[in-house]
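Colleague: Got a structure for you, written out below as structure tokens; questions coming shortly.
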Amino acid sequence: MYLYLAGALSHYRRINKMQKGIDWRRKIDSWAEDLNIKTFNPAKDFLMEKNHTYNPRLCVDQNEYYLDKCDIMVCNLNEINFSPGTVYEIVRFKDMRKPVIAFGTKHNSPHINSCISHQCETLEEVIELLINMFSQ
């Protein structure tokens with residue numbers, strides 16, 4: 001299993017609340033590492049200031065690279081109205097017919113909701129779902 005961790009980052013950086021984009025990813029990274037599950041956590045690269053000096057197109061290319069490689073998306077829906085990159089990732093992932101497991105604030109768009117395979121209330125429920133449905 002290879003998990004793509006999607007959710008707002010740039011927005012949280014702009015409003016000086018990066019921990020909101022980092023903490024949940026660290027929690028799922030820790031769980032996944034204990035089970036030898038790979039994750040793509042874009043927050044790790046995002047935190048390196050040098051990476052903000054590259055052509056912004058490279059960020060999209062990096063996303064595409066990992067969208068192709070990953071099997072399942074775990075998406076924090078909080079604040080995605082301020083995160084066009086996250087919306088793009090959700091739609092692209094669903095276009096590839098891969099499951100999108102979301103948690104957080106339910107989105108009000110039927111277009112976004114149609115891309116979500118299952119919506120959980122909490123990250124703990126996401127982890128339980130991953131164990132129950134994708135751990136064979």
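Every chain in the structure tokens takes a letter, A first, then B, and so on in the order presented; its residues are numbered from 1, and the ligands are numbered from 1 following the presented order.
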Any chance you could list, as a compact mmCIF listing (two decimals) with N, CA and C atoms, in the first residue's frame, the residues in segment 51-109 of chain A that come up strand (DSSP E or B) when DSSP is run on the backbone?
Modeller:
```
# COMPACT_ATOMS: atom_id res chain seq x y z
N ILE A 72 -3.72 4.76 -2.83
CA ILE A 72 -4.87 5.28 -2.10
C ILE A 72 -4.56 6.69 -1.64
N MET A 73 -5.55 7.58 -1.74
CA MET A 73 -5.38 8.94 -1.24
C MET A 73 -6.09 9.07 0.10
N VAL A 74 -5.39 9.66 1.06
CA VAL A 74 -6.00 10.09 2.31
C VAL A 74 -6.02 11.60 2.25
N CYS A 75 -7.22 12.17 2.35
CA CYS A 75 -7.37 13.61 2.12
C CYS A 75 -8.06 14.29 3.29
N ASN A 76 -7.40 15.31 3.81
CA ASN A 76 -7.98 16.18 4.83
C ASN A 76 -8.74 17.28 4.09
N VAL A 100 -10.28 7.46 -2.91
CA VAL A 100 -10.02 8.68 -2.16
C VAL A 100 -10.77 8.57 -0.84
N ILE A 101 -10.02 8.46 0.25
CA ILE A 101 -10.60 8.37 1.58
C ILE A 101 -10.39 9.73 2.24
N ALA A 102 -11.48 10.37 2.60
CA ALA A 102 -11.41 11.74 3.13
C ALA A 102 -11.84 11.77 4.59
N PHE A 103 -11.42 12.84 5.25
CA PHE A 103 -11.89 13.14 6.60
C PHE A 103 -11.91 14.65 6.75
```
Colleague: List the spatial neighbours of segment 128-131 of chain A as number ranges by chain - criterion: any atom at most 12 Å away, only C-alpha atoms, same-chain residues fewer than 2 positions off excluded.
Modeller: A: 1-3, 28, 31-32, 35, 37, 71-74, 99-103, 117-126, 133-136
Colleague: Would you list the contacts of Asn108 of chain A as number ranges by chain, taking every protein, DNA or RNA residue within 10 Å and counting only C-alpha atoms, but skipping same-chain residues closer than 4 positions in sequence?
Modeller: A: 81, 112-113
Colleague: So that I can see what lies close to Ser109 of chain A, please list as a CSV table (one decimal) with C-alpha atoms, in the first residue's frame the residues with an atom at most 12 Å from it, counting only C-alpha atoms and leaving out residues fewer than 4 positions away in the same chain.
Modeller:
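Saved to part07.csv:
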```csv
chain,number,residue,atom,x,y,z
A,77,LEU,CA,-10.9,18.2,3.5
A,80,ILE,CA,-9.6,22.9,0.7
A,81,ASN,CA,-11.6,25.8,-0.7
A,87,VAL,CA,-8.9,19.9,-5.4
A,105,THR,CA,-15.3,19.1,7.0
A,113,ASN,CA,-18.1,14.7,-3.1
A,114,SER,CA,-18.5,12.5,-6.2
A,115,CYS,CA,-14.7,12.0,-6.2
A,116,ILE,CA,-14.6,10.8,-2.6
```
Colleague: Find, counting only C-alpha atoms, the residue in A:Lys98, A:Lys20, A:Arg92, A:Arg26 that gets nearest to Ala8 of chain A.
Modeller: A:Lys20
Colleague: Which residue out of A:Asn78, A:Arg13, A:Gly21, A:Asp68 has the minimum interatomic distance to Lys94 of chain A when only C-alpha atoms are used?
Modeller: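 Result for the nearest residue to Lys94 of chain A: A:Asp68.
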